file model39.cif (mmCIF, C-alpha atoms)
data_my_file
#
loop_
_atom_site.label_atom_id
_atom_site.label_comp_id
_atom_site.auth_asym_id
_atom_site.auth_seq_id
_atom_site.Cartn_x
_atom_site.Cartn_y
_atom_site.Cartn_z
CA MET A 1 -39.78 3.35 14.92
CA SER A 2 -39.73 2.45 11.22
CA GLU A 3 -36.59 3.21 9.23
CA VAL A 4 -36.68 6.37 7.15
CA THR A 5 -36.12 5.61 3.45
CA SER A 6 -33.86 7.37 0.98
CA LYS A 7 -37.00 8.26 -0.97
CA GLU A 8 -38.31 10.18 2.05
CA VAL A 9 -34.95 11.93 2.42
CA LEU A 10 -35.04 13.00 -1.24
CA ALA A 11 -38.61 14.22 -0.80
CA GLN A 12 -37.47 16.53 2.00
CA LEU A 13 -34.47 17.71 -0.01
CA SER A 14 -36.71 18.55 -2.95
CA LYS A 15 -38.04 21.39 -0.77
CA VAL A 16 -34.60 23.03 -0.74
CA LYS A 17 -34.00 25.56 -3.51
CA GLY A 18 -30.79 25.35 -5.50
CA PRO A 19 -28.34 28.20 -6.16
CA ASP A 20 -30.61 29.57 -8.90
CA LEU A 21 -33.45 29.92 -6.31
CA LYS A 22 -35.87 28.42 -8.86
CA SER A 23 -35.33 24.67 -9.07
CA ASP A 24 -34.73 22.37 -6.08
CA ILE A 25 -31.41 20.64 -5.39
CA VAL A 26 -32.82 17.19 -6.20
CA SER A 27 -34.17 18.06 -9.64
CA LEU A 28 -30.90 19.88 -10.36
CA GLY A 29 -29.05 16.60 -9.76
CA MET A 30 -26.99 18.03 -6.91
CA VAL A 31 -27.83 15.36 -4.31
CA GLU A 32 -25.71 12.20 -4.34
CA ASN A 33 -24.82 9.18 -2.21
CA VAL A 34 -27.80 9.15 0.17
CA LEU A 35 -27.08 6.65 2.94
CA VAL A 36 -29.70 5.80 5.59
CA ASN A 37 -28.85 3.43 8.42
CA ASP A 38 -30.18 3.00 11.96
CA GLY A 39 -31.65 6.47 12.23
CA LYS A 40 -28.63 8.22 10.70
CA VAL A 41 -28.64 9.95 7.33
CA ILE A 42 -25.58 11.00 5.32
CA PHE A 43 -25.61 12.54 1.84
CA SER A 44 -23.50 14.77 -0.38
CA ILE A 45 -24.39 17.90 -2.35
CA ASN A 46 -22.34 18.44 -5.49
CA VAL A 47 -21.52 22.14 -5.99
CA PRO A 48 -19.03 24.11 -8.14
CA ALA A 49 -15.65 24.14 -6.40
CA GLU A 50 -15.34 27.92 -6.59
CA ARG A 51 -18.72 28.39 -4.83
CA ALA A 52 -18.29 25.86 -2.01
CA GLN A 53 -17.81 28.43 0.74
CA GLU A 54 -20.60 30.65 -0.58
CA LEU A 55 -23.06 27.72 -0.62
CA GLU A 56 -22.48 26.63 2.97
CA PRO A 57 -25.97 27.99 3.93
CA LEU A 58 -27.46 25.65 1.32
CA ARG A 59 -25.81 22.69 3.07
CA GLU A 60 -27.23 23.84 6.41
CA ALA A 61 -30.71 24.25 4.88
CA ALA A 62 -30.53 20.71 3.50
CA GLU A 63 -29.59 19.29 6.91
CA LYS A 64 -32.43 21.24 8.52
CA ALA A 65 -34.95 19.91 5.99
CA VAL A 66 -33.96 16.27 6.53
CA SER A 67 -33.86 16.71 10.32
CA GLN A 68 -37.66 17.13 10.19
CA LEU A 69 -37.88 13.38 9.59
CA ASN A 70 -37.91 10.88 12.45
CA ILE A 71 -34.11 10.39 12.58
CA GLU A 72 -31.32 10.65 15.15
CA LYS A 73 -28.72 12.47 13.09
CA VAL A 74 -28.19 13.99 9.65
CA THR A 75 -24.90 14.94 7.98
CA ALA A 76 -24.66 16.77 4.65
CA VAL A 77 -21.29 17.25 2.96
CA LEU A 78 -20.48 19.61 0.09
CA THR A 79 -18.44 17.93 -2.63
CA ALA A 80 -16.98 19.64 -5.67
CA GLU A 81 -16.28 18.31 -9.13
CA ARG A 82 -14.39 20.54 -11.53
CA LYS A 83 -15.54 20.84 -15.14
CA PRO A 84 -13.57 19.00 -17.84
CA GLY A 85 -10.68 21.12 -19.05
CA SER A 86 -10.79 23.51 -16.10
CA GLN A 87 -7.77 24.14 -13.95
CA ALA A 88 -7.94 22.35 -10.62
CA PRO A 89 -7.31 24.68 -7.68
CA ALA A 90 -4.19 24.02 -5.66
CA PRO A 91 -5.12 21.81 -2.68
CA LYS A 92 -5.00 23.45 0.71
CA PRO A 93 -3.78 21.44 3.69
CA ALA A 94 -6.52 20.68 6.19
CA ALA A 95 -6.29 22.96 9.20
CA PRO A 96 -5.68 20.88 12.32
CA GLN A 97 -8.24 21.07 15.09
CA GLN A 98 -6.75 23.02 17.93
CA HIS A 99 -6.72 22.91 21.70
CA ALA A 100 -7.32 26.12 23.55
CA GLY A 101 -3.59 25.83 24.26
CA GLY A 102 -2.66 25.58 20.58
CA GLY A 103 -1.97 21.86 19.87
CA LYS A 104 -4.01 19.23 18.04
CA ALA A 105 -7.23 18.43 19.86
CA GLY A 106 -7.01 15.04 21.54
CA VAL A 107 -9.83 12.56 22.09
CA PRO A 108 -11.04 12.60 25.71
CA GLY A 109 -10.09 9.46 27.61
CA ILE A 110 -7.58 8.17 25.02
CA LYS A 111 -3.96 8.41 26.16
CA ASN A 112 -2.19 7.39 22.92
CA ILE A 113 -3.34 6.99 19.31
CA ILE A 114 -1.22 4.85 16.98
CA ALA A 115 -1.75 4.64 13.21
CA VAL A 116 -1.07 1.38 11.38
CA ALA A 117 -0.52 2.29 7.74
CA SER A 118 0.78 1.08 4.40
CA GLY A 119 1.58 2.80 1.15
CA LYS A 120 -0.53 0.31 -0.82
CA GLY A 121 -3.29 -2.23 -0.32
CA GLY A 122 -2.92 -5.98 -0.18
CA VAL A 123 -0.01 -6.15 2.27
CA GLY A 124 -2.02 -7.48 5.23
CA LYS A 125 -2.29 -4.18 7.11
CA SER A 126 -5.73 -4.91 8.60
CA THR A 127 -4.73 -8.40 9.72
CA THR A 128 -1.66 -6.87 11.34
CA SER A 129 -3.74 -4.11 12.96
CA VAL A 130 -6.24 -6.44 14.60
CA ASN A 131 -3.62 -8.89 15.87
CA LEU A 132 -1.42 -6.06 17.12
CA ALA A 133 -4.37 -4.52 18.98
CA LEU A 134 -5.24 -7.88 20.57
CA ALA A 135 -1.60 -8.55 21.46
CA LEU A 136 -1.40 -5.16 23.17
CA ALA A 137 -4.64 -5.86 25.04
CA SER A 138 -3.23 -9.20 26.25
CA THR A 139 -0.66 -7.25 28.30
CA GLY A 140 -3.44 -5.75 30.41
CA LEU A 141 -3.79 -2.46 28.52
CA LYS A 142 -7.17 -0.96 27.63
CA VAL A 143 -7.17 -0.95 23.83
CA GLY A 144 -9.52 0.32 21.14
CA LEU A 145 -9.45 -0.29 17.38
CA LEU A 146 -10.73 2.17 14.78
CA ASP A 147 -11.22 0.75 11.30
CA ALA A 148 -10.52 3.90 9.26
CA ASP A 149 -10.63 2.13 5.89
CA ILE A 150 -14.02 3.53 4.81
CA TYR A 151 -13.96 1.92 1.36
CA GLY A 152 -12.91 -1.53 2.56
CA PRO A 153 -13.82 -2.03 6.24
CA SER A 154 -12.78 -5.49 7.44
CA MET A 155 -12.91 -5.46 11.24
CA PRO A 156 -16.50 -6.77 11.58
CA ARG A 157 -15.50 -9.98 9.79
CA MET A 158 -12.06 -10.30 11.36
CA LEU A 159 -13.48 -9.97 14.86
CA GLY A 160 -16.68 -11.89 14.18
CA ILE A 161 -18.90 -8.95 15.20
CA THR A 162 -22.38 -8.83 13.66
CA ASP A 163 -24.13 -6.39 16.02
CA LYS A 164 -24.88 -2.74 15.24
CA PRO A 165 -23.74 0.18 17.44
CA THR A 166 -26.32 2.06 19.49
CA ALA A 167 -26.46 5.83 19.84
CA GLN A 168 -27.09 8.22 22.70
CA GLY A 169 -27.95 11.45 20.91
CA LYS A 170 -25.02 12.10 18.56
CA ILE A 171 -22.64 9.71 20.35
CA LEU A 172 -22.21 6.13 19.12
CA SER A 173 -21.31 3.30 21.46
CA PRO A 174 -18.41 1.16 20.19
CA LEU A 175 -18.80 -2.59 19.91
CA GLU A 176 -16.51 -5.06 21.66
CA GLY A 177 -14.53 -7.98 20.31
CA TYR A 178 -12.25 -10.16 22.44
CA GLY A 179 -11.89 -7.42 25.05
CA ILE A 180 -11.15 -4.46 22.77
CA LYS A 181 -13.50 -1.66 21.76
CA VAL A 182 -14.09 -1.41 18.01
CA MET A 183 -15.67 1.04 15.58
CA SER A 184 -15.95 0.52 11.83
CA MET A 185 -18.04 1.74 8.91
CA GLY A 186 -18.67 -1.97 8.38
CA PHE A 187 -21.01 -1.87 11.41
CA LEU A 188 -23.15 0.82 9.78
CA VAL A 189 -23.58 -0.56 6.25
CA GLU A 190 -24.06 -4.01 4.77
CA GLU A 191 -20.88 -5.88 3.85
CA GLU A 192 -21.60 -5.77 0.10
CA THR A 193 -22.67 -2.10 -0.01
CA PRO A 194 -20.07 -0.05 -1.91
CA MET A 195 -19.02 3.26 -0.39
CA ILE A 196 -19.11 5.52 -3.46
CA TRP A 197 -18.00 8.65 -1.63
CA ARG A 198 -15.79 11.59 -2.46
CA GLY A 199 -13.04 12.73 -0.11
CA PRO A 200 -15.04 15.20 2.03
CA MET A 201 -17.62 12.56 2.95
CA VAL A 202 -14.89 10.10 3.91
CA ILE A 203 -13.19 12.67 6.10
CA SER A 204 -16.50 13.59 7.75
CA ALA A 205 -17.22 9.92 8.52
CA LEU A 206 -13.71 9.40 9.92
CA THR A 207 -14.02 12.44 12.16
CA GLN A 208 -17.34 11.19 13.53
CA MET A 209 -16.07 7.65 14.17
CA LEU A 210 -13.13 9.08 16.09
CA ARG A 211 -14.66 11.99 18.01
CA GLU A 212 -18.34 11.03 18.29
CA VAL A 213 -17.83 7.57 19.77
CA ALA A 214 -17.96 6.78 23.50
CA TRP A 215 -14.50 5.21 23.65
CA GLY A 216 -14.22 5.65 27.41
CA GLU A 217 -10.79 5.36 29.04
CA LEU A 218 -8.21 3.78 26.73
CA ASP A 219 -4.46 3.37 27.03
CA LEU A 220 -4.16 2.93 23.28
CA LEU A 221 -6.34 3.42 20.22
CA ILE A 222 -5.05 1.56 17.16
CA VAL A 223 -6.19 3.15 13.89
CA ASP A 224 -6.23 0.84 10.89
CA MET A 225 -5.56 3.48 8.23
CA PRO A 226 -6.77 3.22 4.63
CA PRO A 227 -3.98 2.34 2.18
CA GLY A 228 -2.17 5.11 0.35
CA THR A 229 -1.30 8.73 1.11
CA GLY A 230 -4.46 10.66 0.18
CA ASP A 231 -6.91 13.02 1.87
CA ALA A 232 -7.98 10.63 4.62
CA GLN A 233 -4.44 9.83 5.73
CA LEU A 234 -3.36 13.47 5.60
CA THR A 235 -6.40 14.67 7.54
CA MET A 236 -5.95 12.05 10.26
CA SER A 237 -2.27 12.97 10.56
CA GLN A 238 -2.93 16.70 10.73
CA GLN A 239 -6.01 16.76 12.94
CA VAL A 240 -5.31 13.93 15.38
CA PRO A 241 -2.44 13.93 17.92
CA LEU A 242 -0.92 10.64 16.73
CA ALA A 243 1.63 9.26 19.17
CA GLY A 244 3.24 7.39 16.30
CA ALA A 245 2.81 5.38 13.12
CA VAL A 246 3.57 1.74 12.33
CA ILE A 247 4.23 0.98 8.65
CA VAL A 248 3.36 -2.47 7.22
CA SER A 249 4.97 -3.80 4.03
CA THR A 250 5.78 -7.04 2.29
CA PRO A 251 9.44 -7.72 1.43
CA GLN A 252 9.12 -7.12 -2.32
CA ASP A 253 10.54 -3.96 -3.88
CA ILE A 254 7.23 -2.72 -5.34
CA ALA A 255 5.59 -2.76 -1.89
CA LEU A 256 8.60 -1.14 -0.24
CA ILE A 257 8.46 1.78 -2.70
CA ASP A 258 4.91 2.55 -1.55
CA ALA A 259 5.74 1.91 2.11
CA ARG A 260 8.49 4.51 1.78
CA LYS A 261 5.91 7.04 0.51
CA GLY A 262 3.66 6.37 3.51
CA LEU A 263 6.57 6.69 5.90
CA ASN A 264 7.68 9.99 4.35
CA MET A 265 4.15 11.37 4.57
CA PHE A 266 4.11 10.84 8.34
CA ARG A 267 7.54 12.41 8.61
CA LYS A 268 6.37 15.51 6.73
CA VAL A 269 3.52 16.03 9.21
CA GLU A 270 5.86 15.31 12.14
CA VAL A 271 4.31 12.04 13.30
CA PRO A 272 6.94 9.76 14.93
CA ILE A 273 7.66 6.53 13.06
CA LEU A 274 7.47 3.72 15.62
CA GLY A 275 8.78 1.20 13.14
CA LEU A 276 8.39 -0.98 10.06
CA ILE A 277 6.84 -4.49 9.99
CA GLU A 278 7.59 -7.04 7.29
CA ASN A 279 4.39 -9.00 6.67
CA MET A 280 4.23 -12.17 4.53
CA SER A 281 7.94 -12.31 5.28
CA THR A 282 8.29 -15.94 4.24
CA PHE A 283 5.93 -18.81 3.43
CA ILE A 284 6.00 -21.84 5.68
CA CYS A 285 4.42 -24.94 4.17
CA PRO A 286 1.74 -26.23 6.61
CA LYS A 287 2.45 -29.85 5.55
CA CYS A 288 6.23 -30.10 5.45
CA GLY A 289 7.33 -26.94 7.26
CA GLU A 290 9.63 -25.91 4.42
CA GLN A 291 10.32 -22.17 4.12
CA SER A 292 9.83 -20.42 0.74
CA ASP A 293 10.47 -16.71 0.19
CA ILE A 294 7.59 -16.08 -2.22
CA PHE A 295 7.77 -12.28 -1.93
CA GLY A 296 11.45 -12.19 -1.07
CA HIS A 297 12.73 -11.87 2.46
CA GLY A 298 14.39 -9.20 4.58
CA GLY A 299 13.53 -6.28 2.31
CA ALA A 300 11.68 -4.36 5.03
CA ARG A 301 14.50 -4.88 7.53
CA SER A 302 17.02 -3.51 5.01
CA GLU A 303 14.72 -0.60 4.18
CA ALA A 304 14.30 0.25 7.88
CA GLU A 305 18.06 0.33 8.31
CA ARG A 306 18.46 2.50 5.21
CA LEU A 307 15.82 4.98 6.37
CA GLY A 308 16.99 5.00 9.98
CA VAL A 309 13.75 3.75 11.52
CA PRO A 310 13.20 0.81 13.92
CA PHE A 311 12.45 -2.63 12.49
CA LEU A 312 9.66 -4.18 14.55
CA GLY A 313 9.62 -7.75 13.29
CA GLU A 314 8.70 -10.32 10.63
CA ILE A 315 5.32 -12.03 10.25
CA PRO A 316 5.24 -15.16 8.05
CA LEU A 317 2.71 -15.96 5.35
CA HIS A 318 0.86 -18.86 6.95
CA MET A 319 -2.50 -20.50 6.39
CA ASP A 320 -3.49 -20.24 10.06
CA ILE A 321 -3.18 -16.45 10.10
CA ARG A 322 -5.35 -16.13 7.00
CA THR A 323 -8.05 -18.66 7.92
CA ASN A 324 -8.43 -17.39 11.48
CA SER A 325 -8.73 -13.78 10.27
CA ASP A 326 -11.41 -14.75 7.73
CA GLY A 327 -13.21 -16.79 10.36
CA GLY A 328 -13.40 -14.01 12.96
CA THR A 329 -10.95 -15.64 15.38
CA PRO A 330 -7.52 -13.94 14.98
CA VAL A 331 -4.54 -16.13 15.91
CA THR A 332 -3.71 -13.95 18.91
CA VAL A 333 -6.94 -15.15 20.58
CA SER A 334 -7.57 -18.52 18.90
CA ASN A 335 -4.08 -19.78 19.78
CA PRO A 336 -2.58 -17.21 22.16
CA GLU A 337 0.48 -19.34 22.99
CA GLY A 338 1.10 -20.41 19.40
CA PRO A 339 4.13 -19.32 17.36
CA HIS A 340 2.26 -16.67 15.35
CA ALA A 341 0.59 -15.10 18.37
CA LEU A 342 4.00 -14.87 20.04
CA ILE A 343 5.36 -12.99 17.01
CA TYR A 344 2.57 -10.42 17.29
CA LYS A 345 3.20 -10.12 21.04
CA GLN A 346 6.91 -9.53 20.44
CA ILE A 347 6.02 -6.80 17.93
CA ALA A 348 3.56 -5.32 20.44
CA ASN A 349 6.36 -5.10 23.02
CA GLU A 350 8.60 -3.40 20.45
CA VAL A 351 5.83 -0.89 19.69
CA LEU A 352 5.44 -0.10 23.39
CA ALA A 353 9.20 0.34 23.75
CA ARG A 354 9.30 2.73 20.79
CA LEU A 355 6.27 4.61 22.11
CA ASP A 356 8.08 5.04 25.41
CA ALA A 357 11.19 6.29 23.61
CA GLU A 358 9.25 8.76 21.45
CA THR A 359 6.77 10.15 23.96
CA GLY A 360 8.08 9.18 27.38
CA SER A 361 4.56 8.05 28.20
CA ARG A 362 4.52 4.30 27.87
CA PRO A 363 1.14 3.00 29.12
CA GLN A 364 1.21 1.38 32.53
CA ILE A 365 0.76 -2.38 32.16
CA VAL A 366 -1.43 -3.91 34.83
CA PHE A 367 -1.74 -7.66 35.23
CA GLU A 368 -4.87 -8.88 36.96
#

call {"tool": "encode", "arguments": {"input": "model39.cif", "output": "structure tokens"}}
result
Amino acid sequence: MSEVTSKEVLAQLSKVKGPDLKSDIVSLGMVENVLVNDGKVIFSINVPAERAQELEPLREAAEKAVSQLNIEKVTAVLTAERKPGSQAPAPKPAAPQQHAGGGKAGVPGIKNIIAVASGKGGVGKSTTSVNLALALASTGLKVGLLDADIYGPSMPRMLGITDKPTAQGKILSPLEGYGIKVMSMGFLVEEETPMIWRGPMVISALTQMLREVAWGELDLLIVDMPPGTGDAQLTMSQQVPLAGAVIVSTPQDIALIDARKGLNMFRKVEVPILGLIENMSTFICPKCGEQSDIFGHGGARSEAERLGVPFLGEIPLHMDIRTNSDGGTPVTVSNPEGPHALIYKQIANEVLARLDAETGSRPQIVFE
């Protein structure tokens, strides 16, 4: 079937009356960020913050109108933008999804979910996430990787995956890279397409990539979190039963300040801290082998001791790690017995040990 266009989506939405019941929501300028990809449509409707709950039927009517097109799935999200000079309402914490028994709703088939986070961008969190996931998989565990960085998805390139996920009804099938299952917004949009989304759309997309994906049976799902401590991180922490969080930082003070914020956020929502990783710990010259502490050295280890959390290990700043990540062949698979792969494997073992200590449910390692 031919791909539905954004113009066709807007044509359907122009049939939906706005809050004044006279003009339509398109001519009123309420429709934003229409994204059409592989039979799935996502868009936002900008409404006054104080009327968001009241206008929920309008959102449902918009979804119903677009569903008349030849598409697999449609998602409309209400976003609110306060007027200049108005008082912003106090933010309300997202209510966690609940089990019938009262806890956070888990994801069927996934035994443990681990967040890999940082307080700021640019510290190598995604490179660490993918190599940690692959190192864990090398022990015989069934591992998945969720790229939760909606604004800057990097897993398609790091794992060399160019295919698109298929869907069975509302459920997407994850892609595979080097033996791990992967889902990323980067599979659904072109690499150079900017994601100009407000918080509610990001949270909706994250929820779908976590709960509407056929992950199957996994021992571990590694979640590469977006940098910072905003809506997305808070929602994931509150709505998902995270077994623990791994914090990535460089040794320099400015990065450690932000790493501390990320760590404290997880503590506030009662997510166990599995440990702190010092990335770009030292630079090793590829020609002469000389060590240079470009960003300092040992700062994360000292910070871990000060905060009373485990220190998981140091990863050097080395050309091989960078070039292999950019080339879609992470060092843990391109040179699995090399010195850098062994560092990631040692960190993976530390993570498993901490997971065992925190939850008492260390995954069973099976060697085939």

call {"tool": "resolve_selection", "arguments": {"input": "model39.cif", "expression": "the PyMOL selection byres ((chain A and resi 31) around 6)", "output": "PyMOL selection string"}}
result
chain A and resi 26+29-30+32+44-45

call {"tool": "resolve_selection", "arguments": {"input": "model39.cif", "expression": "the PyMOL selection byres ((chain A and resi 155) around 9)", "output": "PyMOL selection string"}}
result
chain A and resi 126-127+130+145-147+153-154+156-161+182-184+186-187+328

call {"tool": "atom_distance", "arguments": {"input": "model39.cif", "atom1": "CA of Pro310 in chain A", "atom2": "CA of Phe266 in chain A"}}
result
14.6 Å

call {"tool": "resolve_selection", "arguments": {"input": "model39.cif", "expression": "the PyMOL selection byres ((chain A and resi 109) around 10)", "output": "PyMOL selection string"}}
result
chain A and resi 106-108+110-112+214-220

call {"tool": "closest_residue", "arguments": {"input": "model39.cif", "among": "A:Gly144, A:Gly327, A:Pro200, A:Pro251", "to": "Leu175 in chain A", "atoms": "all atoms listed in the file"}}
result
A:Gly144

call {"tool": "residues_around", "arguments": {"input": "model39.cif", "residues": "Asn264 in chain A", "least_positions_apart": "3", "cutoff": "12 Å", "atoms": "all atoms listed in the file", "output": "list in words"}}
result
Ala117, Ser118, Gly119, Gly228, Thr229, Leu234, Ala245, Ile247, Ile257, Asp258, Ala259, Arg260, Lys261, Arg267, Lys268, Val269, Glu270, Val271, Pro272, Ile273, Leu307, Gly308 and Val309 of chain A

call {"tool": "write_last_selection", "arguments": {"input": "model39.cif", "atoms": "C-alpha atoms", "output": "mmCIF file, keeping the file's coordinate frame"}}
result
data_model
loop_
_atom_site.group_PDB
_atom_site.id
_atom_site.type_symbol
_atom_site.label_atom_id
_atom_site.label_comp_id
_atom_site.auth_asym_id
_atom_site.auth_seq_id
_atom_site.Cartn_x
_atom_site.Cartn_y
_atom_site.Cartn_z
ATOM 1 C CA ALA A 117 -0.520 2.290 7.740
ATOM 2 C CA SER A 118 0.780 1.080 4.400
ATOM 3 C CA GLY A 119 1.580 2.800 1.150
ATOM 4 C CA GLY A 228 -2.170 5.110 0.350
ATOM 5 C CA THR A 229 -1.300 8.730 1.110
ATOM 6 C CA LEU A 234 -3.360 13.470 5.600
ATOM 7 C CA ALA A 245 2.810 5.380 13.120
ATOM 8 C CA ILE A 247 4.230 0.980 8.650
ATOM 9 C CA ILE A 257 8.460 1.780 -2.700
ATOM 10 C CA ASP A 258 4.910 2.550 -1.550
ATOM 11 C CA ALA A 259 5.740 1.910 2.110
ATOM 12 C CA ARG A 260 8.490 4.510 1.780
ATOM 13 C CA LYS A 261 5.910 7.040 0.510
ATOM 14 C CA ARG A 267 7.540 12.410 8.610
ATOM 15 C CA LYS A 268 6.370 15.510 6.730
ATOM 16 C CA VAL A 269 3.520 16.030 9.210
ATOM 17 C CA GLU A 270 5.860 15.310 12.140
ATOM 18 C CA VAL A 271 4.310 12.040 13.300
ATOM 19 C CA PRO A 272 6.940 9.760 14.930
ATOM 20 C CA ILE A 273 7.660 6.530 13.060
ATOM 21 C CA LEU A 307 15.820 4.980 6.370
ATOM 22 C CA GLY A 308 16.990 5.000 9.980
ATOM 23 C CA VAL A 309 13.750 3.750 11.520
#

call {"tool": "closest_residue", "arguments": {"input": "model39.cif", "among": "A:Asp20, A:Glu305, A:Glu314, A:Asp163", "to": "Leu342 in chain A", "atoms": "only C-alpha atoms"}}
result
A:Glu314

call {"tool": "atom_distance", "arguments": {"input": "model39.cif", "atom1": "CA of Ser325 in chain A", "atom2": "CA of Met225 in chain A"}}
result
17.7 Å

call {"tool": "atom_distance", "arguments": {"input": "model39.cif", "atom1": "CA of Leu210 in chain A", "atom2": "CA of Val248 in chain A"}}
result
22.0 Å

call {"tool": "closest_residue", "arguments": {"input": "model39.cif", "among": "A:Glu3, A:Ala137, A:Ser173, A:Val47", "to": "Val333 in chain A", "atoms": "all atoms listed in the file"}}
result
A:Ala137

call {"tool": "residues_around", "arguments": {"input": "model39.cif", "residues": "Met185 in chain A", "least_positions_apart": "4", "cutoff": "9 Å", "atoms": "only C-alpha atoms", "output": "list in words"}}
result
Asp147, Ala148, Asp149, Ile150, Tyr151, Gly152, Pro153, Val189, Ala205, Leu206 and Met209 of chain A

call {"tool": "closest_residue", "arguments": {"input": "model39.cif", "among": "A:Ser6, A:Thr128, A:Asn324, A:Asn70", "to": "Ser249 in chain A", "atoms": "all atoms listed in the file"}}
result
A:Thr128

call {"tool": "closest_residue", "arguments": {"input": "model39.cif", "among": "A:Ala61, A:Ile42, A:Leu78, A:Leu55", "to": "Ser14 in chain A", "atoms": "all atoms listed in the file"}}
result
A:Ala61

call {"tool": "closest_residue", "arguments": {"input": "model39.cif", "among": "A:Glu358, A:Glu212, A:Asp38, A:Glu72", "to": "Leu274 in chain A", "atoms": "only C-alpha atoms"}}
result
A:Glu358

call {"tool": "residues_around", "arguments": {"input": "model39.cif", "residues": "Phe311 in chain A", "least_positions_apart": "3", "cutoff": "7 Å", "atoms": "only C-alpha atoms", "output": "list in words"}}
result
Gly275, Leu276, Ile277, Arg301 and Ala304 of chain A

call {"tool": "decode", "arguments": {"input": "model39.cif", "residues": "range 263-274 of chain A", "atoms": "N, CA and C atoms", "output": "JSON list (two decimals), in the first residue's frame"}}
result
[["chain", "number", "residue", "atom", "x", "y", "z"],
["A", 263, "LEU", "N", 22.13, 10.92, 39.60],
["A", 263, "LEU", "CA", 22.15, 9.91, 40.65],
["A", 263, "LEU", "C", 21.11, 10.22, 41.73],
["A", 264, "ASN", "N", 21.04, 11.48, 42.14],
["A", 264, "ASN", "CA", 20.08, 11.87, 43.18],
["A", 264, "ASN", "C", 18.64, 11.75, 42.72],
["A", 265, "MET", "N", 18.40, 11.96, 41.40],
["A", 265, "MET", "CA", 17.05, 11.78, 40.89],
["A", 265, "MET", "C", 16.59, 10.34, 41.07],
["A", 266, "PHE", "N", 17.46, 9.38, 40.72],
["A", 266, "PHE", "CA", 17.10, 7.98, 40.87],
["A", 266, "PHE", "C", 16.90, 7.62, 42.34],
["A", 267, "ARG", "N", 17.70, 8.20, 43.20],
["A", 267, "ARG", "CA", 17.52, 7.94, 44.63],
["A", 267, "ARG", "C", 16.16, 8.44, 45.12],
["A", 268, "LYS", "N", 15.75, 9.61, 44.63],
["A", 268, "LYS", "CA", 14.47, 10.18, 45.07],
["A", 268, "LYS", "C", 13.29, 9.32, 44.67],
["A", 269, "VAL", "N", 13.40, 8.63, 43.53],
["A", 269, "VAL", "CA", 12.30, 7.76, 43.09],
["A", 269, "VAL", "C", 12.58, 6.30, 43.45],
["A", 270, "GLU", "N", 13.54, 6.09, 44.35],
["A", 270, "GLU", "CA", 13.83, 4.79, 44.94],
["A", 270, "GLU", "C", 14.24, 3.72, 43.93],
["A", 271, "VAL", "N", 15.08, 4.15, 42.96],
["A", 271, "VAL", "CA", 15.69, 3.21, 42.02],
["A", 271, "VAL", "C", 17.11, 2.92, 42.52],
["A", 272, "PRO", "N", 17.47, 1.66, 42.73],
["A", 272, "PRO", "CA", 18.82, 1.33, 43.22],
["A", 272, "PRO", "C", 19.91, 1.82, 42.28],
["A", 273, "ILE", "N", 20.97, 2.37, 42.83],
["A", 273, "ILE", "CA", 22.12, 2.79, 42.03],
["A", 273, "ILE", "C", 23.10, 1.62, 41.97],
["A", 274, "LEU", "N", 23.26, 1.05, 40.79],
["A", 274, "LEU", "CA", 24.15, -0.10, 40.63],
["A", 274, "LEU", "C", 25.61, 0.34, 40.60]]
